[in-house]
2 protein chains.
Amino acid sequence: MEPPIRIAIAGHGNLGRGVEAALAKNPDMQLVGIYTRRPPAQLAPLHAGTAVHAMAALPEHADRIDVLILCGGSKEDLPEQGPALAALFNTVDSFDTHARIPEYFAAVDAPARANAKTALISAGWDPGMFSINRVIGEALLPDGATYTFWGKGLSQGHSDAIRRVPGVAGGVQYTLPVPEAVEQVRNGTRPTLDTRQKHTRECFVVLQAGADAEAVRRTIAGMPHYFADYDTTVNFISAEELRRDHGAMPHGGFVIRSGNTSAGNAQVIEYGLKLDSNPEFTASVLVAYARAVHRLQRAGQYGAKTVLDVPPGLLSPKSAEQLRAEQL
Amino acid sequence: MEPPIRIAIAGHGNLGRGVEAALAKNPDMQLVGIYTRRPPAQLAPLHAGTAVHAMAALPEHADRIDVLILCGGSKEDLPEQGPALAALFNTVDSFDTHARIPEYFAAVDAPARANAKTALISAGWDPGMFSINRVIGEALLPDGATYTFWGKGLSQGHSDAIRRVPGVAGGVQYTLPVPEAVEQVRNGTRPTLDTRQKHTRECFVVLQAGADAEAVRRTIAGMPHYFADYDTTVNFISAEELRRDHGAMPHGGFVIRSGNTSAGNAQVIEYGLKLDSNPEFTASVLVAYARAVHRLQRAGQYGAKTVLDVPPGLLSPKSAEQLRAEQL
């Protein structure tokens with residue numbers, strides 16, 4: 001038996017808590033500590049015995065940790081933490097600002113290579129599992145079209161945008177795929193779909209006392225980039241209803257590749273996720289890639305990596321031999 | 001620009017013809033020849049200009065071919081051809097006798113390693129794409145259950161079994177997933193399903209003149225292994241109807257992983273294929289893996305490989321950099 005892979009968590013928001021939960025389901029890994037910028041005593045780990053340390057203690061703990069899972073946000077935390085920590089640790093993160101991935105990859109790659117570390121960036125489901133399916137789908141059916149649909153799911157960014165509207169006391173936003181569009185794509189017709197035809201947006205909003213509901217509705221529906229290009233529904237609810245009915249973080253979606261292998265033969269590949277908890281699923285992906293990162297680094301494959309660089313078998317605790325016998 | 005990858009095809013049945021069609025859609029590859037055990041002049045390639053050679057000419061053509069795609073059957077052809085040809089060529093095949101994969105892997109691995117070649121075995125969709133999804137699903141959701149459903153699709157093995165029944169002049173068999181079982185699994189309930197609860201079998205049979213329909217029906221439905229464990233429907237049709245309505249080779253299915261990341265949160269991953277042509281899709285998978293094999297061999301990764309050993313990015317004609325910028 002190999003000794004367990006020693007994992008640490010940097011950052012203890014929803015994602016960090018999800019990683020704790022996921023590690024409990026993977027007996028070949030061991031959680032050796034949680035690192036936080038808050039005062040460590042304020043943090044309540046899932047298991048009372050888990051060590052909690054200040055983020056600043058990370059460098060001196062480098063020899064206790066095989067893989068560090070970065071659970072910070074893509075906007076403020078990872079652009080700074082990713083490159084700094086990849087010089088000291090093997091890392092896994094969920095950097096998800098698609099447009100800035102090449103830049104982030106380069107920033108992490110140099111320190112990781114210089115220090116013989118392996119840093120897996122942008123794991124999760126999109127980017128992540130969905131990316132794998134976009135790439136494989138296109139490779140298998142080059143004469144085709146790829147469609148990504150999201151939802152039904154809670155969008156954190158759009159919920160934040162709603163909450164910044166004057167007169168709004170609280171609220172959440174769900175992204176929904178348009179069922180007719182999904183049906184067309186599944187049937188292999190390869191439709192051309194604009195933004196409005198693929199998704200709708202549904203908001204549940206709590207008004208501040210005395211706020212003008214119609215004005216709030218117009219402001220939300222007209223927000224450029226976030227809502228203006230979509231059919232948006234705004235529902236007004238009470239603070240109690242918001243708490244009671246909208247506390248979960250479901251999400252999901254589909255990647256569909258529709259193509260032809262010859263004139264008469266259409267082929268459709270569909271990958272779909274139906275998630276009760278977006279952060280817990282994302283965390284489970286990070287944990288499986290932590291296992292792969294540990295193996296890649298031990299095999300001398302240093303530098304930044306993405307999910308597209310990782311053989312599927314490395315995600316499993318089973319040996320290649322066992323996988324061939326049981327699951328191929 | 002890299003020169004095109006020089007591909008040859010060994011065997012020109014449905015699968016070999018599918019590889020020809022797939023290569024026509026991949027401009028970074030070039031079909032340099034088809035090798036057959038039939039008299040080469042009898043074979044009609046898709047494009048009139050394609051060179052056709054006797055299988056026996058393969059060894060002397062070794063330096064013209066980057067990757068040889070083996071399109072023979074798993075029962076008679078591949079157990080012999082796979083190990084012999086892996087000593088001379090980089091190869092890709094669709095060996096699909098699940099229980100014998102470890103033995104076949106070992107038989108191909110030794111000659112490939114000894115000759116610095118790379119041999120990718122058991123590509124296709126099951127084994128193949130479905131295997132990848134079984135392995136990743138289990139790695140992401142270790143507390144869960146995996147379900148594979150096949151169909152609606154034409155089963156070659158079961159159609160052959162029908163045709164061997166006395167009194168049968170012709171026939172085909174379709175495998176169908178039981179919709180209620182699929183629904184239960186999609187809803188995350190993790191049901192325990194036996195063979196009969198997962199699939200039904202539907203046969204379309206042309207009787208020989210004077211045959212006893214009821215006796216044929218009983219013989220088919222009672223065939224151990226093939227039909228006895230399933231609810232089987234036998235429909236009698238005319239030779240004309242068989243030709244007109246049952247000439248296509250559709251198939252498909254789903255791999256569903258249903259699991260929990262915590263007590264309250266269920267997560268469901270579904271990968272599905274809806275294929276107008278089973279052999280053309282399988283062929284498209286072989287062609288994408290031929291690209292990966294070429295790259296693996298040039299990187300010094302010799303020996304037998306499976307789809308579980310191949311990073312997804314290697315299947316794409318695009319560079320890792322381009323994939324990160326466009327598809328991650």
# chains A, B, ... in the order shown; residues from 1 in each chain; ligands from 1
$ interface_residues --of "chain B" --to "chain A" --cutoff "7 Å" --atoms "only C-alpha atoms" --output "PyMOL selection string"
chain B and resi 21-22+25+101-102+127+131-132+134-136+139-140+142-143+261-262+265-277+280-281+284-285+288+308-313+315-316+324-325+327-328
$ residues_around --residues "region 203-210 of chain B" --least-positions-apart "2" --cutoff "7 Å" --atoms "only C-alpha atoms" --output "PyMOL selection string"
chain B and resi 167-174+201+212+233-239
$ write_last_selection --atoms "N, CA, C and O atoms" --output "PDB file, in the first residue's frame"
ATOM      1  N   GLY B 167     -34.738 -22.663 -39.380  1.00  0.00           N
ATOM      2  CA  GLY B 167     -36.002 -22.087 -39.838  1.00  0.00           C
ATOM      3  C   GLY B 167     -35.914 -20.596 -40.101  1.00  0.00           C
ATOM      4  O   GLY B 167     -36.848 -19.994 -40.621  1.00  0.00           O
ATOM      5  N   VAL B 168     -34.782 -19.975 -39.746  1.00  0.00           N
ATOM      6  CA  VAL B 168     -34.630 -18.532 -39.938  1.00  0.00           C
ATOM      7  C   VAL B 168     -33.844 -18.260 -41.234  1.00  0.00           C
ATOM      8  O   VAL B 168     -32.757 -18.791 -41.425  1.00  0.00           O
ATOM      9  N   ALA B 169     -34.424 -17.416 -42.097  1.00  0.00           N
ATOM     10  CA  ALA B 169     -33.753 -17.074 -43.353  1.00  0.00           C
ATOM     11  C   ALA B 169     -32.947 -15.790 -43.220  1.00  0.00           C
ATOM     12  O   ALA B 169     -32.032 -15.538 -43.994  1.00  0.00           O
ATOM     13  N   GLY B 170     -33.313 -14.966 -42.249  1.00  0.00           N
ATOM     14  CA  GLY B 170     -32.598 -13.698 -42.048  1.00  0.00           C
ATOM     15  C   GLY B 170     -33.175 -12.982 -40.852  1.00  0.00           C
ATOM     16  O   GLY B 170     -34.254 -13.347 -40.361  1.00  0.00           O
ATOM     17  N   GLY B 171     -32.458 -11.985 -40.363  1.00  0.00           N
ATOM     18  CA  GLY B 171     -33.024 -11.266 -39.219  1.00  0.00           C
ATOM     19  C   GLY B 171     -32.028 -10.319 -38.586  1.00  0.00           C
ATOM     20  O   GLY B 171     -30.824 -10.382 -38.857  1.00  0.00           O
ATOM     21  N   VAL B 172     -32.573  -9.430 -37.768  1.00  0.00           N
ATOM     22  CA  VAL B 172     -31.734  -8.495 -37.008  1.00  0.00           C
ATOM     23  C   VAL B 172     -32.284  -8.386 -35.591  1.00  0.00           C
ATOM     24  O   VAL B 172     -33.456  -8.687 -35.339  1.00  0.00           O
ATOM     25  N   GLN B 173     -31.438  -7.956 -34.686  1.00  0.00           N
ATOM     26  CA  GLN B 173     -31.834  -7.791 -33.300  1.00  0.00           C
ATOM     27  C   GLN B 173     -31.471  -6.405 -32.808  1.00  0.00           C
ATOM     28  O   GLN B 173     -30.337  -5.946 -33.024  1.00  0.00           O
ATOM     29  N   TYR B 174     -32.423  -5.733 -32.168  1.00  0.00           N
ATOM     30  CA  TYR B 174     -32.156  -4.438 -31.563  1.00  0.00           C
ATOM     31  C   TYR B 174     -32.169  -4.574 -30.040  1.00  0.00           C
ATOM     32  O   TYR B 174     -33.046  -5.235 -29.473  1.00  0.00           O
ATOM     33  N   ARG B 201     -34.994  -6.887 -25.696  1.00  0.00           N
ATOM     34  CA  ARG B 201     -34.440  -7.250 -27.003  1.00  0.00           C
ATOM     35  C   ARG B 201     -35.581  -7.435 -27.986  1.00  0.00           C
ATOM     36  O   ARG B 201     -36.580  -8.079 -27.671  1.00  0.00           O
ATOM     37  N   ASP B 212     -41.784 -23.247 -38.729  1.00  0.00           N
ATOM     38  CA  ASP B 212     -42.804 -23.108 -37.686  1.00  0.00           C
ATOM     39  C   ASP B 212     -42.493 -21.849 -36.865  1.00  0.00           C
ATOM     40  O   ASP B 212     -41.547 -21.825 -36.072  1.00  0.00           O
ATOM     41  N   THR B 233     -38.907  -9.757 -27.768  1.00  0.00           N
ATOM     42  CA  THR B 233     -40.024  -9.738 -28.700  1.00  0.00           C
ATOM     43  C   THR B 233     -39.522 -10.218 -30.048  1.00  0.00           C
ATOM     44  O   THR B 233     -38.465  -9.759 -30.508  1.00  0.00           O
ATOM     45  N   VAL B 234     -40.264 -11.138 -30.660  1.00  0.00           N
ATOM     46  CA  VAL B 234     -39.876 -11.607 -31.991  1.00  0.00           C
ATOM     47  C   VAL B 234     -40.969 -11.209 -32.978  1.00  0.00           C
ATOM     48  O   VAL B 234     -42.127 -11.591 -32.825  1.00  0.00           O
ATOM     49  N   ASN B 235     -40.609 -10.397 -33.975  1.00  0.00           N
ATOM     50  CA  ASN B 235     -41.547  -9.975 -35.022  1.00  0.00           C
ATOM     51  C   ASN B 235     -41.163 -10.663 -36.324  1.00  0.00           C
ATOM     52  O   ASN B 235     -39.984 -10.666 -36.694  1.00  0.00           O
ATOM     53  N   PHE B 236     -42.157 -11.213 -37.008  1.00  0.00           N
ATOM     54  CA  PHE B 236     -41.865 -11.857 -38.293  1.00  0.00           C
ATOM     55  C   PHE B 236     -42.173 -10.886 -39.421  1.00  0.00           C
ATOM     56  O   PHE B 236     -43.244 -10.270 -39.451  1.00  0.00           O
ATOM     57  N   ILE B 237     -41.207 -10.742 -40.317  1.00  0.00           N
ATOM     58  CA  ILE B 237     -41.357  -9.806 -41.433  1.00  0.00           C
ATOM     59  C   ILE B 237     -40.939 -10.493 -42.725  1.00  0.00           C
ATOM     60  O   ILE B 237     -40.381 -11.607 -42.704  1.00  0.00           O
ATOM     61  N   SER B 238     -41.173  -9.825 -43.842  1.00  0.00           N
ATOM     62  CA  SER B 238     -40.788 -10.385 -45.140  1.00  0.00           C
ATOM     63  C   SER B 238     -39.338 -10.022 -45.445  1.00  0.00           C
ATOM     64  O   SER B 238     -38.776  -9.094 -44.858  1.00  0.00           O
ATOM     65  N   ALA B 239     -38.759 -10.756 -46.386  1.00  0.00           N
ATOM     66  CA  ALA B 239     -37.383 -10.470 -46.814  1.00  0.00           C
ATOM     67  C   ALA B 239     -37.293  -9.042 -47.345  1.00  0.00           C
ATOM     68  O   ALA B 239     -36.296  -8.339 -47.134  1.00  0.00           O
TER      69      ALA B 239
END
$ closest_residue --among "B:Arg190, B:Arg163, B:His294, B:Arg243" --to "Gly259 (chain B)" --atoms "only C-alpha atoms"
B:Arg190
$ select_by_dssp --residues "region 93-293 of chain A" --states "strand (DSSP E)" --output "compact mmCIF listing (two decimals) with N, CA, C and O atoms, in the first residue's frame"
# COMPACT_ATOMS: atom_id res chain seq x y z
N THR A 118 4.26 20.54 -10.14
CA THR A 118 3.21 20.37 -11.14
C THR A 118 1.98 21.14 -10.68
O THR A 118 1.54 20.98 -9.53
N ALA A 119 1.43 21.98 -11.57
CA ALA A 119 0.31 22.85 -11.21
C ALA A 119 -0.81 22.67 -12.22
O ALA A 119 -0.67 23.03 -13.39
N LEU A 120 -1.91 22.08 -11.77
CA LEU A 120 -3.06 21.82 -12.64
C LEU A 120 -4.01 22.99 -12.49
O LEU A 120 -4.57 23.19 -11.39
N GLY A 144 -18.86 19.03 -37.74
CA GLY A 144 -19.95 19.12 -36.77
C GLY A 144 -19.96 20.45 -36.07
O GLY A 144 -19.23 21.38 -36.43
N ALA A 145 -20.81 20.55 -35.06
CA ALA A 145 -20.92 21.78 -34.27
C ALA A 145 -21.05 21.41 -32.80
O ALA A 145 -21.65 20.39 -32.47
N THR A 146 -20.46 22.25 -31.93
CA THR A 146 -20.51 22.01 -30.50
C THR A 146 -21.42 23.03 -29.84
O THR A 146 -21.37 24.21 -30.16
N TYR A 147 -22.25 22.57 -28.93
CA TYR A 147 -23.17 23.45 -28.20
C TYR A 147 -22.96 23.23 -26.71
O TYR A 147 -22.97 22.09 -26.25
N THR A 148 -22.80 24.31 -25.96
CA THR A 148 -22.77 24.21 -24.50
C THR A 148 -24.00 24.92 -23.94
O THR A 148 -24.27 26.07 -24.28
N PHE A 149 -24.77 24.21 -23.15
CA PHE A 149 -25.91 24.79 -22.43
C PHE A 149 -25.62 24.72 -20.94
O PHE A 149 -25.10 23.70 -20.46
N TRP A 150 -26.00 25.77 -20.20
CA TRP A 150 -25.85 25.74 -18.74
C TRP A 150 -27.21 25.78 -18.09
O TRP A 150 -28.14 26.43 -18.57
N GLY A 153 -29.43 26.38 -13.21
CA GLY A 153 -28.48 26.55 -12.14
C GLY A 153 -28.39 27.96 -11.65
O GLY A 153 -28.72 28.92 -12.35
N LEU A 154 -27.93 28.06 -10.43
CA LEU A 154 -27.72 29.35 -9.78
C LEU A 154 -26.42 29.95 -10.29
O LEU A 154 -25.37 29.32 -10.19
N VAL A 168 -32.64 46.83 -4.25
CA VAL A 168 -32.66 45.38 -4.04
C VAL A 168 -32.03 45.03 -2.69
O VAL A 168 -30.90 45.44 -2.41
N ALA A 169 -32.77 44.29 -1.87
CA ALA A 169 -32.25 43.87 -0.57
C ALA A 169 -31.57 42.50 -0.64
O ALA A 169 -30.74 42.15 0.20
N GLY A 170 -31.93 41.72 -1.64
CA GLY A 170 -31.34 40.38 -1.78
C GLY A 170 -31.90 39.73 -3.03
O GLY A 170 -32.90 40.20 -3.59
N GLY A 171 -31.26 38.64 -3.47
CA GLY A 171 -31.80 38.00 -4.66
C GLY A 171 -30.87 36.94 -5.21
O GLY A 171 -29.69 36.86 -4.84
N VAL A 172 -31.44 36.11 -6.08
CA VAL A 172 -30.64 35.08 -6.76
C VAL A 172 -31.09 35.03 -8.22
O VAL A 172 -32.19 35.45 -8.57
N GLN A 173 -30.22 34.50 -9.06
CA GLN A 173 -30.51 34.37 -10.48
C GLN A 173 -30.25 32.96 -10.95
O GLN A 173 -29.20 32.39 -10.63
N TYR A 174 -31.22 32.38 -11.68
CA TYR A 174 -31.04 31.05 -12.27
C TYR A 174 -30.91 31.17 -13.78
O TYR A 174 -31.66 31.92 -14.42
N THR A 175 -29.97 30.43 -14.33
CA THR A 175 -29.81 30.32 -15.78
C THR A 175 -30.53 29.05 -16.21
O THR A 175 -30.35 28.00 -15.60
N LEU A 176 -31.34 29.15 -17.27
CA LEU A 176 -32.07 27.98 -17.75
C LEU A 176 -31.83 27.80 -19.24
O LEU A 176 -31.93 28.77 -20.01
N PRO A 177 -31.53 26.57 -19.67
CA PRO A 177 -31.45 26.33 -21.11
C PRO A 177 -32.86 26.39 -21.71
O PRO A 177 -33.83 26.04 -21.03
N HIS A 199 -30.54 30.44 -23.84
CA HIS A 199 -30.78 30.47 -22.40
C HIS A 199 -31.76 31.57 -22.02
O HIS A 199 -31.81 32.62 -22.66
N THR A 200 -32.52 31.33 -20.95
CA THR A 200 -33.30 32.40 -20.32
C THR A 200 -32.75 32.60 -18.91
O THR A 200 -32.03 31.74 -18.37
N ARG A 201 -33.09 33.76 -18.33
CA ARG A 201 -32.61 34.07 -16.98
C ARG A 201 -33.81 34.39 -16.09
O ARG A 201 -34.71 35.12 -16.49
N GLU A 202 -33.80 33.80 -14.90
CA GLU A 202 -34.92 33.96 -13.98
C GLU A 202 -34.38 34.49 -12.66
O GLU A 202 -33.50 33.88 -12.06
N CYS A 203 -34.95 35.64 -12.22
CA CYS A 203 -34.44 36.27 -11.00
C CYS A 203 -35.51 36.23 -9.91
O CYS A 203 -36.70 36.40 -10.18
N PHE A 204 -35.06 36.02 -8.68
CA PHE A 204 -35.93 36.10 -7.50
C PHE A 204 -35.34 37.18 -6.61
O PHE A 204 -34.22 37.06 -6.13
N VAL A 205 -36.13 38.26 -6.42
CA VAL A 205 -35.59 39.48 -5.84
C VAL A 205 -36.40 39.90 -4.61
O VAL A 205 -37.64 39.87 -4.64
N VAL A 206 -35.69 40.27 -3.56
CA VAL A 206 -36.31 40.87 -2.37
C VAL A 206 -36.06 42.38 -2.45
O VAL A 206 -34.91 42.82 -2.57
N LEU A 207 -37.16 43.17 -2.42
CA LEU A 207 -37.03 44.63 -2.52
C LEU A 207 -36.72 45.23 -1.16
O LEU A 207 -37.14 44.72 -0.12
N ASP A 231 -33.93 36.86 -22.49
CA ASP A 231 -35.28 37.02 -21.96
C ASP A 231 -35.19 36.77 -20.47
O ASP A 231 -34.86 35.67 -20.03
N THR A 232 -35.45 37.81 -19.70
CA THR A 232 -35.25 37.76 -18.26
C THR A 232 -36.58 37.94 -17.53
O THR A 232 -37.34 38.84 -17.85
N THR A 233 -36.84 37.06 -16.58
CA THR A 233 -38.03 37.16 -15.75
C THR A 233 -37.59 37.60 -14.36
O THR A 233 -36.64 37.03 -13.81
N VAL A 234 -38.28 38.59 -13.80
CA VAL A 234 -37.96 39.03 -12.43
C VAL A 234 -39.17 38.76 -11.54
O VAL A 234 -40.26 39.26 -11.80
N ASN A 235 -38.97 37.92 -10.53
CA ASN A 235 -40.03 37.61 -9.56
C ASN A 235 -39.69 38.26 -8.23
O ASN A 235 -38.56 38.14 -7.76
N PHE A 236 -40.68 38.92 -7.62
CA PHE A 236 -40.43 39.54 -6.32
C PHE A 236 -40.92 38.62 -5.22
O PHE A 236 -42.05 38.12 -5.28
N HIS A 251 -26.63 23.34 -10.05
CA HIS A 251 -26.23 23.78 -11.38
C HIS A 251 -26.11 22.56 -12.28
O HIS A 251 -26.52 21.46 -11.90
N GLY A 252 -25.57 22.78 -13.46
CA GLY A 252 -25.43 21.69 -14.41
C GLY A 252 -25.44 22.22 -15.82
O GLY A 252 -25.19 23.40 -16.05
N GLY A 253 -25.71 21.32 -16.75
CA GLY A 253 -25.74 21.72 -18.15
C GLY A 253 -25.32 20.58 -19.04
O GLY A 253 -25.20 19.43 -18.58
N PHE A 254 -25.16 20.89 -20.32
CA PHE A 254 -24.80 19.88 -21.32
C PHE A 254 -23.79 20.43 -22.30
O PHE A 254 -23.84 21.59 -22.66
N VAL A 255 -22.90 19.54 -22.76
CA VAL A 255 -22.11 19.81 -23.96
C VAL A 255 -22.57 18.81 -25.00
O VAL A 255 -22.54 17.59 -24.76
N ILE A 256 -23.03 19.31 -26.13
CA ILE A 256 -23.51 18.42 -27.18
C ILE A 256 -22.67 18.66 -28.44
O ILE A 256 -22.49 19.79 -28.87
N ARG A 257 -22.13 17.58 -29.00
CA ARG A 257 -21.45 17.65 -30.28
C ARG A 257 -22.30 16.89 -31.28
O ARG A 257 -22.61 15.72 -31.09
N SER A 258 -22.68 17.58 -32.32
CA SER A 258 -23.52 17.00 -33.35
C SER A 258 -22.75 17.06 -34.65
O SER A 258 -22.26 18.12 -35.04
N GLY A 259 -22.58 15.92 -35.31
CA GLY A 259 -21.78 15.93 -36.53
C GLY A 259 -22.17 14.80 -37.46
O GLY A 259 -22.97 13.92 -37.12
N ASN A 260 -21.57 14.83 -38.64
CA ASN A 260 -21.80 13.78 -39.63
C ASN A 260 -20.50 13.06 -39.94
O ASN A 260 -19.47 13.70 -40.14
N THR A 261 -20.58 11.72 -39.98
CA THR A 261 -19.41 10.95 -40.40
C THR A 261 -19.49 10.65 -41.90
O THR A 261 -18.49 10.26 -42.50
N SER A 262 -20.67 10.79 -42.48
CA SER A 262 -20.84 10.72 -43.93
C SER A 262 -22.16 11.44 -44.20
O SER A 262 -22.87 11.81 -43.27
N ASN A 265 -25.20 9.93 -42.41
CA ASN A 265 -25.11 9.46 -41.03
C ASN A 265 -24.73 10.56 -40.04
O ASN A 265 -23.60 11.00 -39.99
N ALA A 266 -25.73 10.97 -39.25
CA ALA A 266 -25.52 11.96 -38.19
C ALA A 266 -25.20 11.23 -36.89
O ALA A 266 -25.70 10.13 -36.63
N GLN A 267 -24.34 11.84 -36.07
CA GLN A 267 -23.96 11.24 -34.80
C GLN A 267 -24.04 12.33 -33.75
O GLN A 267 -23.64 13.47 -34.00
N VAL A 268 -24.59 12.02 -32.58
CA VAL A 268 -24.74 13.02 -31.54
C VAL A 268 -24.11 12.50 -30.24
O VAL A 268 -24.44 11.40 -29.79
N ILE A 269 -23.21 13.29 -29.68
CA ILE A 269 -22.56 12.98 -28.41
C ILE A 269 -23.05 14.00 -27.39
O ILE A 269 -23.00 15.19 -27.64
N GLU A 270 -23.53 13.52 -26.25
CA GLU A 270 -24.02 14.47 -25.24
C GLU A 270 -23.41 14.14 -23.88
O GLU A 270 -23.45 13.00 -23.43
N TYR A 271 -22.87 15.16 -23.23
CA TYR A 271 -22.35 15.03 -21.87
C TYR A 271 -23.16 15.97 -20.99
O TYR A 271 -23.27 17.16 -21.30
N GLY A 272 -23.75 15.45 -19.94
CA GLY A 272 -24.61 16.30 -19.12
C GLY A 272 -24.35 16.13 -17.63
O GLY A 272 -23.97 15.05 -17.17
N LEU A 273 -24.54 17.20 -16.90
CA LEU A 273 -24.39 17.19 -15.44
C LEU A 273 -25.66 17.72 -14.80
O LEU A 273 -26.23 18.71 -15.27
N LYS A 274 -26.10 17.06 -13.74
CA LYS A 274 -27.25 17.52 -12.96
C LYS A 274 -26.78 17.54 -11.51
O LYS A 274 -26.66 16.50 -10.87
N LEU A 275 -26.48 18.74 -11.02
CA LEU A 275 -25.76 18.89 -9.76
C LEU A 275 -26.63 19.53 -8.68
O LEU A 275 -27.12 20.64 -8.86
$ atom_distance --atom1 "CA of Arg244 (chain B)" --atom2 "CA of Glu20 (chain B)"
25.5 Å
$ select_by_dssp --residues "region 79-176 of chain B" --states "alpha helix (DSSP H)" --output "ChimeraX atom specification"
/B:79-86,101-114,129-140,156-163
$ write_last_selection --atoms "C-alpha atoms" --output "mmCIF file, in the first residue's frame"
data_model
loop_
_atom_site.group_PDB
_atom_site.id
_atom_site.type_symbol
_atom_site.label_atom_id
_atom_site.label_comp_id
_atom_site.auth_asym_id
_atom_site.auth_seq_id
_atom_site.Cartn_x
_atom_site.Cartn_y
_atom_site.Cartn_z
ATOM 1 C CA PRO B 79 -5.640 -11.785 -31.525
ATOM 2 C CA GLU B 80 -3.271 -12.766 -34.333
ATOM 3 C CA GLN B 81 -2.790 -9.482 -36.248
ATOM 4 C CA GLY B 82 -2.485 -7.180 -33.221
ATOM 5 C CA PRO B 83 0.707 -8.663 -31.718
ATOM 6 C CA ALA B 84 2.272 -9.400 -35.134
ATOM 7 C CA LEU B 85 1.690 -5.925 -36.555
ATOM 8 C CA ALA B 86 2.592 -4.051 -33.340
ATOM 9 C CA ILE B 101 -8.461 -7.224 -22.771
ATOM 10 C CA PRO B 102 -5.706 -7.829 -20.139
ATOM 11 C CA GLU B 103 -4.416 -10.836 -22.091
ATOM 12 C CA TYR B 104 -4.565 -8.975 -25.424
ATOM 13 C CA PHE B 105 -2.865 -5.917 -23.881
ATOM 14 C CA ALA B 106 0.057 -8.080 -22.736
ATOM 15 C CA ALA B 107 0.318 -9.824 -26.121
ATOM 16 C CA VAL B 108 0.567 -6.465 -27.940
ATOM 17 C CA ASP B 109 2.691 -4.671 -25.331
ATOM 18 C CA ALA B 110 5.763 -6.884 -25.588
ATOM 19 C CA PRO B 111 6.387 -6.655 -29.370
ATOM 20 C CA ALA B 112 5.512 -2.936 -29.416
ATOM 21 C CA ARG B 113 8.005 -2.142 -26.643
ATOM 22 C CA ALA B 114 10.688 -4.330 -28.174
ATOM 23 C CA MET B 129 -15.572 6.544 -24.840
ATOM 24 C CA PHE B 130 -17.813 4.663 -22.397
ATOM 25 C CA SER B 131 -14.755 3.325 -20.550
ATOM 26 C CA ILE B 132 -13.373 6.845 -20.124
ATOM 27 C CA ASN B 133 -16.690 7.954 -18.681
ATOM 28 C CA ARG B 134 -16.946 4.961 -16.351
ATOM 29 C CA VAL B 135 -13.470 5.657 -14.970
ATOM 30 C CA ILE B 136 -13.855 9.435 -14.625
ATOM 31 C CA GLY B 137 -17.373 9.114 -13.180
ATOM 32 C CA GLU B 138 -16.178 6.775 -10.452
ATOM 33 C CA ALA B 139 -13.139 8.961 -9.717
ATOM 34 C CA LEU B 140 -15.256 12.112 -9.351
ATOM 35 C CA GLN B 156 -24.260 -7.718 -34.536
ATOM 36 C CA GLY B 157 -23.619 -10.655 -32.212
ATOM 37 C CA HIS B 158 -27.287 -11.174 -31.386
ATOM 38 C CA SER B 159 -28.308 -10.790 -35.023
ATOM 39 C CA ASP B 160 -25.798 -13.501 -35.918
ATOM 40 C CA ALA B 161 -27.250 -15.727 -33.189
ATOM 41 C CA ILE B 162 -30.764 -15.355 -34.621
ATOM 42 C CA ARG B 163 -29.580 -16.269 -38.106
#
$ closest_residue --among "A:Leu15, A:Ala221, A:Ile7, A:Ile34" --to "Asn90 (chain A)" --atoms "only C-alpha atoms"
A:Ile7
$ atom_distance --atom1 "CA of Leu242 (chain B)" --atom2 "CA of Met223 (chain B)"
22.1 Å
$ residues_around --residues "Leu58 (chain A)" --least-positions-apart "4" --cutoff "8 Å" --atoms "only C-alpha atoms" --output "PyMOL selection string"
chain A and resi 35+54+62
